[in-house]
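Engineer: Structure provided below as structure tokens; questions to follow.
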Amino acid sequence: EPLAVYHPSGAGDVAALVRAAYGSARDIRVSARGHGHSISGQAQVAGGVVVDMSRGGKAPSRALPVYSPELGGHYVDVWGGELWIDVLNWTLSHGGLAPRSWTDYLYLSVGGTLSNAGISGQAFHHGPQISNVYELDVVTGKGEAVTCSEAKNPELFFGALGGLGQLGIITRARIALEPAPRKVRWIRALYSNFTEFTADQERLISQSQHGGGRRFDYVEGFVVAAEGLINNWRSSFFSPQNPVKLSSLKHHTGVLYCLEVTKNYDDSTAATVDQ
């Protein structure tokens, strides 16, 4: 169990804690916790201090999205413990904007996914989440609060992104935004042949990268175990009859493969989206 749980009100509090731990004669260990989805106990520290980065603590107020002529688009500065679902709701309600790249599950913290990679079906087009960050504030292991980017302290910037938290705690991230799609066509296709499944996936990605307006905006594939078809195939977009139909495929194969794609559109392109 941790010795204590710390609820910071900002980056200064995080820096002060880490600085005190670093300068202490005792072996005081510190670990940051976003929403607690680390799978190997990284958000816990026995006998140390867990920094609760969640907004349920005393996180700083949210910043409004900003347009940057230099960057040619919008961005938003967010607290490292902010959840992606809250970032989305915030930017949608302030200009109809959204981050360019996502994880599939949005109830993860910004600092947590940026310390890993942040991969989803948009990564083939925009790159993972760590490729859509303009700037970071990082509290290093010595308790120094450092602002970094591609041009400023680049070694820390690229080391912190995907660095598994080894170089410090991300307290702020400047996230690239784009206009959120008005409507989305969502398609799932099932395969029993793995070779055909991967070939189609690679073809759609290649077509989307070089096909101009005909590209898909999201391409992803995953495995569906036949034993759990009904539970694995639940969706608010599907008829209740679909899982039952899918379960009838159990006798055919023990494993199925699903290709999931989306195409963004609006009223002006609704007539041609299926082409």
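Letters A, B, ... mark the chains of the structure tokens in the order given; residue numbers begin at 1 per chain; ligand numbers begin at 1, in order shown.
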If we count only C-alpha atoms, what is near segment 141-149 of chain A at a cut-off of 10 Å, once residues fewer than 3 positions away on the same chain are taken out, given as a PyMOL selection string?
Structural biologist: chain A and resi 11-23+30+133-138+152-158+160+165-174
Engineer: List as a list of chain:residue names the protein and nucleic acid residues near Pro65 of chain A, meaning an atom at most 8 Å away when only C-alpha atoms are counted, but skip any in the same chain fewer than 3 places from it.
Structural biologist: A:His74, A:Tyr75, A:Val76, A:Asp77, A:Thr91, A:His94, A:Gly95
Engineer: Save out the residues we just selected, C-alpha atoms, as a tab-separated table (two decimals), in the first residue's frame.
Structural biologist:
```
chain	number	residue	atom	x	y	z
A	74	HIS	CA	-6.35	24.78	-33.37
A	75	TYR	CA	-4.95	23.34	-30.18
A	76	VAL	CA	-5.96	23.05	-26.55
A	77	ASP	CA	-3.83	22.90	-23.40
A	91	THR	CA	-13.58	21.01	-27.30
A	94	HIS	CA	-16.14	25.24	-27.63
A	95	GLY	CA	-15.91	25.45	-31.40
```
Engineer: Please indicate the distance in Å from atom CA of Ser61 of chain A to atom CA of Asp86 of chain A, rounded to one decimal place.
Structural biologist: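 Rounded to one decimal, the two atoms are 12.6 Å apart.
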Engineer: As a ChimeraX atom specification, which residues of segment 31-242 of chain A does DSSP assign to strand (DSSP E or B)?
Structural biologist: /A:31-33,49-52,66-68,73-79,83,97-99,109,133-139,145-149,169-179,183-191,218-225
Engineer: Apply DSSP to the structure's backbone, then extract all residues of segment 50-235 of chain A labelled alpha helix (DSSP H) and return them as a PyMOL selection string.
Structural biologist: chain A and resi 84-92+110-114+123-126+154-160+194-210+229-232
Engineer: Those residues with C-alpha atoms, as a compact mmCIF listing (two decimals), in the first residue's frame please?
Structural biologist:
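Saved as part.txt:
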```txt
# COMPACT_ATOMS: atom_id res chain seq x y z
CA TRP A 84 -9.90 12.07 -23.18
CA ILE A 85 -13.70 11.87 -23.02
CA ASP A 86 -13.71 15.14 -21.08
CA VAL A 87 -11.28 16.73 -23.54
CA LEU A 88 -13.63 15.75 -26.37
CA ASN A 89 -16.75 17.09 -24.66
CA TRP A 90 -14.92 20.32 -23.80
CA THR A 91 -13.58 21.01 -27.30
CA LEU A 92 -16.86 20.00 -28.98
CA VAL A 110 -4.03 12.30 -21.30
CA GLY A 111 -0.74 11.86 -19.46
CA GLY A 112 -1.22 8.11 -19.29
CA THR A 113 -1.74 7.48 -23.00
CA LEU A 114 0.93 10.01 -24.01
CA ALA A 123 -3.18 6.28 -36.40
CA PHE A 124 -2.57 5.23 -40.02
CA HIS A 125 -3.62 8.73 -41.09
CA HIS A 126 -2.63 11.09 -38.26
CA PRO A 154 13.47 18.27 -27.63
CA GLU A 155 15.22 15.36 -25.90
CA LEU A 156 12.83 15.58 -22.96
CA PHE A 157 9.86 16.13 -25.30
CA PHE A 158 10.47 13.03 -27.39
CA GLY A 159 11.63 11.05 -24.37
CA ALA A 160 8.50 11.79 -22.35
CA PHE A 194 -6.98 -14.26 -41.75
CA THR A 195 -5.08 -13.71 -45.01
CA GLU A 196 -8.08 -12.08 -46.71
CA PHE A 197 -8.73 -10.01 -43.58
CA THR A 198 -5.21 -8.53 -43.42
CA ALA A 199 -5.03 -8.04 -47.19
CA ASP A 200 -8.23 -5.97 -47.18
CA GLN A 201 -7.04 -4.00 -44.18
CA GLU A 202 -3.74 -3.13 -45.86
CA ARG A 203 -5.51 -2.28 -49.12
CA LEU A 204 -7.93 0.12 -47.38
CA ILE A 205 -5.10 1.81 -45.51
CA SER A 206 -3.07 2.21 -48.71
CA GLN A 207 -6.11 3.48 -50.62
CA SER A 208 -6.91 5.92 -47.86
CA GLN A 209 -3.35 7.25 -47.79
CA HIS A 210 -3.21 7.82 -51.54
CA LEU A 229 -19.60 -13.45 -29.89
CA ILE A 230 -22.73 -12.16 -28.20
CA ASN A 231 -20.86 -10.23 -25.52
CA ASN A 232 -18.04 -9.09 -27.83
```
Engineer: For Ser109 of chain A, please output as a PDB file with N, CA and C atoms, in the first residue's frame all residues within 6 Å (counting only C-alpha atoms; exclusion window: fewer than 5 positions along the same chain).
Structural biologist:
```
ATOM      1  N   GLY A  34      -3.332   8.317 -13.235  1.00  0.00           N
ATOM      2  CA  GLY A  34      -4.341   9.024 -14.012  1.00  0.00           C
ATOM      3  C   GLY A  34      -5.726   8.511 -13.670  1.00  0.00           C
ATOM      4  N   HIS A  35      -6.187   7.486 -14.437  1.00  0.00           N
ATOM      5  CA  HIS A  35      -7.484   6.883 -14.154  1.00  0.00           C
ATOM      6  C   HIS A  35      -7.345   5.424 -13.724  1.00  0.00           C
ATOM      7  N   GLY A  81      -3.873  14.868 -16.096  1.00  0.00           N
ATOM      8  CA  GLY A  81      -4.802  13.880 -15.563  1.00  0.00           C
ATOM      9  C   GLY A  81      -6.187  13.931 -16.166  1.00  0.00           C
ATOM     10  N   GLU A  82      -6.381  14.823 -17.141  1.00  0.00           N
ATOM     11  CA  GLU A  82      -7.688  14.942 -17.800  1.00  0.00           C
ATOM     12  C   GLU A  82      -7.998  13.669 -18.574  1.00  0.00           C
ATOM     13  N   LEU A  83      -9.264  13.266 -18.584  1.00  0.00           N
ATOM     14  CA  LEU A  83      -9.680  12.124 -19.388  1.00  0.00           C
ATOM     15  C   LEU A  83      -9.961  12.582 -20.809  1.00  0.00           C
TER      16      LEU A  83
END
```
Engineer: Nearest to Asn116 of chain A: which of A:Tyr265, A:Val184, A:Trp102, A:Gly162 is it, counting only C-alpha atoms?
Structural biologist: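 So, comparing all the options, the nearest one is A:Gly162.
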Engineer: Enter the distance from atom CA of Val45 of chain A to atom CA of Val5 of chain A, in Å, rounded to one decimal.
Structural biologist: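 If I compute the distance from atom CA of Val45 of chain A to atom CA of Val5 of chain A, I get 10.2 Å.
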Engineer: Would you please work out which residue, of A:Leu190, A:Leu177, A:Leu164, A:Ala46, is nearest to Ser68 of chain A when using only C-alpha atoms?
Structural biologist: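 Nearest candidate to Ser68 of chain A out of A:Leu190, A:Leu177, A:Leu164, A:Ala46: A:Leu177.
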Engineer: In Å, how far is it from atom CA of Gln129 of chain A to atom CA of Leu256 of chain A?
Structural biologist: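 Computing it gives 28.4 Å between the two atoms.
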Engineer: Compile the contact shell of Pro181 of chain A as a list of chain:residue names: residues with an atom at most 12 Å away, counting only C-alpha atoms, same-chain residues fewer than 3 positions apart removed.
Structural biologist: A:Leu92, A:Gly96, A:Leu97, A:Ala98, A:Pro99, A:Arg100, A:Leu177, A:Glu178, A:Val184, A:Arg185, A:Asp217, A:Thr262, A:Lys263, A:Asn264, A:Tyr265, A:Asp266, A:Asp267, A:Thr269
Engineer: Find the residues around Leu259 of chain A up to 8 Å (only C-alpha atoms counted), leave out those fewer than 3 positions away in its own chain, and share them as an mmCIF file with N, CA and C atoms, in the first residue's frame.
Structural biologist:
```
data_model
loop_
_atom_site.group_PDB
_atom_site.id
_atom_site.type_symbol
_atom_site.label_atom_id
_atom_site.label_comp_id
_atom_site.auth_asym_id
_atom_site.auth_seq_id
_atom_site.Cartn_x
_atom_site.Cartn_y
_atom_site.Cartn_z
ATOM 1 N N ARG A 188 -18.766 -2.495 -40.259
ATOM 2 C CA ARG A 188 -18.013 -3.635 -39.767
ATOM 3 C C ARG A 188 -18.186 -4.810 -40.733
ATOM 4 N N ALA A 189 -17.082 -5.479 -41.034
ATOM 5 C CA ALA A 189 -17.125 -6.661 -41.896
ATOM 6 C C ALA A 189 -16.419 -7.813 -41.191
ATOM 7 N N LEU A 190 -17.025 -9.004 -41.254
ATOM 8 C CA LEU A 190 -16.470 -10.189 -40.602
ATOM 9 C C LEU A 190 -15.740 -11.080 -41.606
ATOM 10 N N TYR A 191 -14.642 -11.678 -41.153
ATOM 11 C CA TYR A 191 -13.845 -12.592 -41.969
ATOM 12 C C TYR A 191 -13.579 -13.862 -41.172
ATOM 13 N N PHE A 197 -8.483 -11.092 -44.538
ATOM 14 C CA PHE A 197 -8.727 -10.005 -43.583
ATOM 15 C C PHE A 197 -7.583 -8.995 -43.597
ATOM 16 N N GLN A 201 -7.416 -5.078 -45.093
ATOM 17 C CA GLN A 201 -7.040 -4.005 -44.176
ATOM 18 C C GLN A 201 -5.895 -3.175 -44.759
ATOM 19 N N VAL A 219 -9.581 3.024 -39.832
ATOM 20 C CA VAL A 219 -9.452 1.634 -40.272
ATOM 21 C C VAL A 219 -8.809 0.843 -39.137
ATOM 22 N N GLU A 220 -9.492 -0.196 -38.706
ATOM 23 C CA GLU A 220 -8.951 -0.996 -37.606
ATOM 24 C C GLU A 220 -9.458 -2.424 -37.726
ATOM 25 N N GLY A 221 -8.675 -3.352 -37.242
ATOM 26 C CA GLY A 221 -9.083 -4.746 -37.242
ATOM 27 C C GLY A 221 -8.872 -5.378 -35.888
ATOM 28 N N PHE A 222 -9.687 -6.375 -35.576
ATOM 29 C CA PHE A 222 -9.522 -7.069 -34.307
ATOM 30 C C PHE A 222 -10.087 -8.478 -34.408
#
```
